[in-house]
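The structure under discussion appears below in the form of structure tokens.
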Amino acid sequence: MSHIPVLLKESIDGLVIKKGGTYVDATTNRAGHSVEIAKLLGKKGTLICIDLDQTALASAKRKLKDIKNAPEIHFVHSNFRHIKEILRKFEINQIDGILADLGLSSQELDDSGRGFSFQKDEPLQMTFDAHPDEDTTTAYDIVNFWSESTIADILYGFADETYSRRIARAIVSHRENKTIKTTKELVDIIAGAVPAIYRHRRTHFATKTFQALRMAVNDELGSINDLIEALPEILKTEGRACFITFHSTEDRTVKQGLRAKLDVLTPITKKAIIPTDDEINLNPRARSAQLRIVERI
């Protein structure tokens, strides 16, 4: 399945792109949003495309090379939390806007082979970086070596998992006899830990555990906070930042982080912007998306 950019028109409109300006796509993926930003920037503009997935960046590069009157485009394999260092590298002091689409892409779920999906039997990795170094923490490390209490705290804190303690207890009990290596093994453990009624809900019973592990592996909330912390310094006056979130923990982090900066960042809309019914019908994965936009005072 190809990745369909969520809230595309709303986020591009929210950036109020200035021809010849400097913009950052903090989570470029396959360039769904970047293509539209590049079209509006023109030859004198600058676009910085950041992503932790080298495969996604390569795909974005191929898409963006066909744009007529394209801006200067830089592709950066990094985490957006390093935004200040990235801008320094290109001798850019401030930018006109930044977009962070914080969702997991369709390709990462369906094709990465890194264990993001509970519907496939894959190694328990869950790193956004396709080729992490040997010191990188993976989902395998967490379920096999972290303490029961820490695993339970992750499941509850990052995903509001009701049965966090039961699932953590089952994981630790299982690993005493056999190492947990694959997503299927983990799903089976979760299935055995939660009540039957929980296994037959509309939302898959492993959804929150997989979400929480992925967030822990990639320190997603820490990265979001680091980016928000940098906004007052990197945005020009009237520069804009757009955040697209996909679940309550992520959205809460963005909302609280931006609220703490109200002296320099003003919200553009009172409430988050959500997808239309038409978009949700076209792309069901958009149903939980929310867009928050702020402007540098």
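Chain labels A, B, ... are given in the sequence in which chains occur in the structure tokens; within each chain residues are numbered consecutively from 1, and ligands are likewise numbered from 1 in the order shown.
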
Please provide as an mmCIF file with C-alpha atoms, in the first residue's frame all residues within 12 Å of Asp96 (chain A), with the sequence filter that same-chain residues fewer than 5 positions apart are discarded (counting only C-alpha atoms).
data_model
loop_
_atom_site.group_PDB
_atom_site.id
_atom_site.type_symbol
_atom_site.label_atom_id
_atom_site.label_comp_id
_atom_site.auth_asym_id
_atom_site.auth_seq_id
_atom_site.Cartn_x
_atom_site.Cartn_y
_atom_site.Cartn_z
ATOM 1 C CA GLY A 14 -1.525 26.040 7.575
ATOM 2 C CA LEU A 15 2.121 26.638 6.710
ATOM 3 C CA VAL A 16 1.174 29.681 4.563
ATOM 4 C CA ILE A 17 4.143 28.961 2.295
ATOM 5 C CA LYS A 18 6.051 31.983 1.055
ATOM 6 C CA LYS A 19 7.617 31.717 -2.392
ATOM 7 C CA GLY A 20 11.390 31.692 -1.949
ATOM 8 C CA GLY A 21 11.107 30.818 1.733
ATOM 9 C CA THR A 22 12.888 28.180 3.811
ATOM 10 C CA TYR A 23 10.895 25.193 5.067
ATOM 11 C CA VAL A 24 11.508 21.885 6.801
ATOM 12 C CA ASP A 25 9.631 18.609 6.413
ATOM 13 C CA ILE A 37 5.721 22.349 -0.333
ATOM 14 C CA LEU A 41 8.447 27.370 -2.974
ATOM 15 C CA GLY A 45 13.239 28.562 -1.987
ATOM 16 C CA THR A 46 14.906 25.996 0.254
ATOM 17 C CA LEU A 47 13.415 22.746 1.500
ATOM 18 C CA ILE A 48 15.076 20.490 4.071
ATOM 19 C CA LEU A 231 10.797 26.321 17.794
ATOM 20 C CA PRO A 232 11.190 29.788 19.380
ATOM 21 C CA GLU A 233 14.818 29.836 18.249
ATOM 22 C CA ILE A 234 14.477 28.373 14.733
ATOM 23 C CA LEU A 235 11.247 30.030 13.538
ATOM 24 C CA LYS A 236 11.237 33.501 12.041
ATOM 25 C CA THR A 237 8.623 35.973 13.267
ATOM 26 C CA GLU A 238 5.297 34.792 11.752
ATOM 27 C CA GLY A 239 6.957 31.461 10.946
ATOM 28 C CA ARG A 240 4.655 28.478 11.399
ATOM 29 C CA ALA A 241 4.879 24.957 12.785
ATOM 30 C CA CYS A 242 2.363 22.211 11.940
ATOM 31 C CA GLU A 295 2.822 30.838 14.689
ATOM 32 C CA ARG A 296 5.930 32.510 16.092
#

What are the nearest atom pairs, with distances in Å to one decimal, for all residues of region 18-105 of chain A that come at most 12 Å from region 282-285 of chain A, using only C-alpha atoms, set out by chain and rising residue number as CSV?
residue,atom,partner,partner_atom,distance
A:Gly103,CA,A:Arg285,CA,9.5
A:Leu104,CA,A:Arg285,CA,9.9
A:Ser105,CA,A:Arg285,CA,9.6

Any chance you can output those residues with N, CA and C atoms as a compact mmCIF listing (two decimals), in the first residue's frame?
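The resulting file, out_17.txt, is reproduced below:
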# COMPACT_ATOMS: atom_id res chain seq x y z
N GLY A 103 2.91 10.42 12.28
CA GLY A 103 2.35 9.08 12.10
C GLY A 103 3.33 8.08 11.53
N LEU A 104 3.03 6.81 11.78
CA LEU A 104 3.79 5.71 11.19
C LEU A 104 3.30 5.53 9.77
N SER A 105 4.20 5.43 8.80
CA SER A 105 3.78 5.34 7.41
C SER A 105 3.24 3.95 7.07

Note to self: Applying 10 Å and only C-alpha atoms, which residues near region 126-132 of chain A remain after dropping the ones on its own chain fewer than 6 positions away? List them as a list of chain:residue names.
What the structure shows: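 Here the qualifying residues turn out to be A:Asp51, A:Leu52, A:Asp53, A:Gln54, A:Thr55, A:Ala56, A:His77, A:Ser78, A:Asn79, A:Leu104, A:Glu108, A:Leu109, A:Ser112, A:Gly113, A:Arg114, A:Gly115, A:Phe116, A:Ser117, A:Thr138, A:Ala139, A:Tyr140, A:Phe210, A:Gln211, A:Leu213, A:Arg214, A:Met215, A:Ala216, A:Val217, A:Asn218.
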
Filtering to N, CA and C atoms, could you give me those residues as a compact mmCIF listing (two decimals), in the first residue's frame?
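Below is the file that was written, again-v7.txt:
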# COMPACT_ATOMS: atom_id res chain seq x y z
N ASP A 51 14.50 12.55 7.60
CA ASP A 51 13.86 11.29 7.96
C ASP A 51 14.91 10.33 8.52
N LEU A 52 14.46 9.46 9.41
CA LEU A 52 15.36 8.45 9.99
C LEU A 52 15.46 7.20 9.14
N ASP A 53 14.53 7.06 8.18
CA ASP A 53 14.49 5.88 7.33
C ASP A 53 15.18 6.18 5.99
N GLN A 54 16.34 5.57 5.78
CA GLN A 54 17.10 5.82 4.55
C GLN A 54 16.32 5.43 3.30
N THR A 55 15.55 4.36 3.39
CA THR A 55 14.76 3.89 2.24
C THR A 55 13.70 4.93 1.87
N ALA A 56 13.06 5.49 2.87
CA ALA A 56 12.05 6.52 2.64
C ALA A 56 12.68 7.76 2.00
N HIS A 77 19.49 12.42 6.71
CA HIS A 77 19.17 11.19 7.45
C HIS A 77 19.46 11.46 8.93
N SER A 78 18.39 11.79 9.67
CA SER A 78 18.57 12.16 11.07
C SER A 78 17.21 12.18 11.76
N ASN A 79 17.24 12.41 13.07
CA ASN A 79 16.02 12.60 13.85
C ASN A 79 15.75 14.11 13.92
N LEU A 104 3.03 6.81 11.78
CA LEU A 104 3.79 5.71 11.19
C LEU A 104 3.30 5.53 9.77
N GLU A 108 6.10 1.52 6.50
CA GLU A 108 6.74 1.00 7.71
C GLU A 108 5.90 -0.11 8.33
N LEU A 109 4.59 0.07 8.29
CA LEU A 109 3.69 -0.95 8.81
C LEU A 109 3.69 -2.20 7.95
N SER A 112 8.25 -2.83 5.92
CA SER A 112 9.60 -2.59 6.44
C SER A 112 10.28 -3.87 6.92
N GLY A 113 9.49 -4.84 7.40
CA GLY A 113 10.08 -6.05 7.97
C GLY A 113 10.70 -5.84 9.34
N ARG A 114 10.41 -4.69 9.97
CA ARG A 114 11.06 -4.36 11.24
C ARG A 114 10.15 -4.55 12.46
N GLY A 115 8.99 -5.19 12.25
CA GLY A 115 8.17 -5.56 13.40
C GLY A 115 7.22 -4.50 13.90
N PHE A 116 6.83 -3.54 13.05
CA PHE A 116 5.89 -2.51 13.49
C PHE A 116 4.46 -3.04 13.55
N SER A 117 4.15 -4.03 12.72
CA SER A 117 2.78 -4.52 12.62
C SER A 117 2.57 -5.81 13.40
N THR A 138 16.21 -1.94 20.78
CA THR A 138 15.12 -2.43 19.94
C THR A 138 13.99 -2.97 20.83
N ALA A 139 12.87 -3.30 20.19
CA ALA A 139 11.76 -3.90 20.93
C ALA A 139 12.18 -5.25 21.51
N TYR A 140 13.06 -5.95 20.82
CA TYR A 140 13.60 -7.23 21.31
C TYR A 140 14.30 -7.01 22.66
N PHE A 210 2.07 -2.57 20.99
CA PHE A 210 2.98 -2.30 19.87
C PHE A 210 3.26 -0.81 19.76
N GLN A 211 2.24 0.01 19.96
CA GLN A 211 2.43 1.46 19.94
C GLN A 211 3.42 1.89 21.01
N LEU A 213 5.72 0.13 22.67
CA LEU A 213 7.08 -0.35 22.43
C LEU A 213 7.78 0.49 21.36
N ARG A 214 7.07 0.78 20.28
CA ARG A 214 7.63 1.60 19.21
C ARG A 214 8.03 2.98 19.73
N MET A 215 7.17 3.56 20.56
CA MET A 215 7.45 4.89 21.11
C MET A 215 8.66 4.87 22.03
N ALA A 216 8.79 3.79 22.79
CA ALA A 216 9.93 3.66 23.71
C ALA A 216 11.22 3.46 22.93
N VAL A 217 11.18 2.59 21.93
CA VAL A 217 12.37 2.30 21.11
C VAL A 217 12.92 3.57 20.48
N ASN A 218 12.03 4.41 19.96
CA ASN A 218 12.45 5.59 19.20
C ASN A 218 12.42 6.88 20.01

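Nearest to Ala152 (chain A) of all the residues A:His33, A:Lys63, A:Arg166, A:Lys68 is A:Arg166, counting only C-alpha atoms.
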
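Excluding Ala170 (chain A) itself and same-chain residues fewer than 5 positions from it, the residues having an atom within 9 Å of it are Arg165, Arg175, Ile189, Ile190, Gly192 and Ala193 of chain A, counting only C-alpha atoms.
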
Note to self: When you look at Ser164 (chain A) with a cut-off of 7 Å (counting only C-alpha atoms), what residues show up, excluding the ones that are within fewer than 3 positions of it in the same chain? I need them as a ChimeraX atom specification.
What the structure shows: /A:152,155-156,161,167-168

Selection to disk with C-alpha atoms, as a PDB file, in the first residue's frame:
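Output below, filename result21.pdb:
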ATOM      1  CA  ALA A 152       4.281  -2.092  32.545  1.00  0.00           C
ATOM      2  CA  LEU A 155       2.587   0.240  28.198  1.00  0.00           C
ATOM      3  CA  TYR A 156       0.481   2.394  30.480  1.00  0.00           C
ATOM      4  CA  GLU A 161      -2.947   0.156  28.087  1.00  0.00           C
ATOM      5  CA  ILE A 167       0.850  -8.073  29.837  1.00  0.00           C
ATOM      6  CA  ALA A 168       4.197  -7.159  31.443  1.00  0.00           C
TER       7      ALA A 168
END

Next item on the list: Would you kindly return, as a ChimeraX atom specification, each protein, DNA or RNA residue with an atom no farther than 10 Å from any atom of region 248-257 of chain A, considering only C-alpha atoms and excluding same-chain residues fewer than 6 positions away?
Entry: /A:102-103,157-160,212,215,220-222,224-229,267,272,288-292

Check: Looking at A:Glu10, A:Ile4, A:Ile151, A:Glu185, which one is nearest to Pro275 (chain A), with distances taken over only C-alpha atoms?
Finding: A:Glu10

Next item on the list: Using CA of Lys9 (chain A) and CA of Thr269 (chain A) as the two end points, give the distance in Å to one decimal.
Entry: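 Those two atoms sit 15.4 Å apart.
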
Note to self: Write out as a PyMOL selection string the set of residues from region 130-255 of chain A that DSSP, computed on the backbone, places in helix (DSSP H, G or I).
What the structure shows: chain A and resi 139-145+148-159+164-175+183-193+196-199+207-217+220-234+248-255

Margin query: Under the rule that only C-alpha atoms are counted, which of A:Gln107, A:Thr183, A:Thr209, A:Thr245 is the nearest residue to Gln125 (chain A)?
Written below: A:Thr183

Check: In Å, how far is it from CA of Asp13 (chain A) to CA of Ile86 (chain A)?
Finding: 25.0 Å

Check: With only C-alpha atoms as the basis for distance, which of A:Ile274, A:Ile73, A:Ala60, A:Leu7 is at the shortest distance from Ala38 (chain A)?
Finding: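 Closest residue, counting only C-alpha atoms: A:Ile73.
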
Margin query: List as a ChimeraX atom specification the protein and nucleic acid residues near region 177-182 of chain A, meaning an atom at most 10 Å away when only C-alpha atoms are counted, but skip any in the same chain fewer than 4 places from it.
Written below: /A:114-115,118,120-125,139-141,143-145,171-173,186-187,189
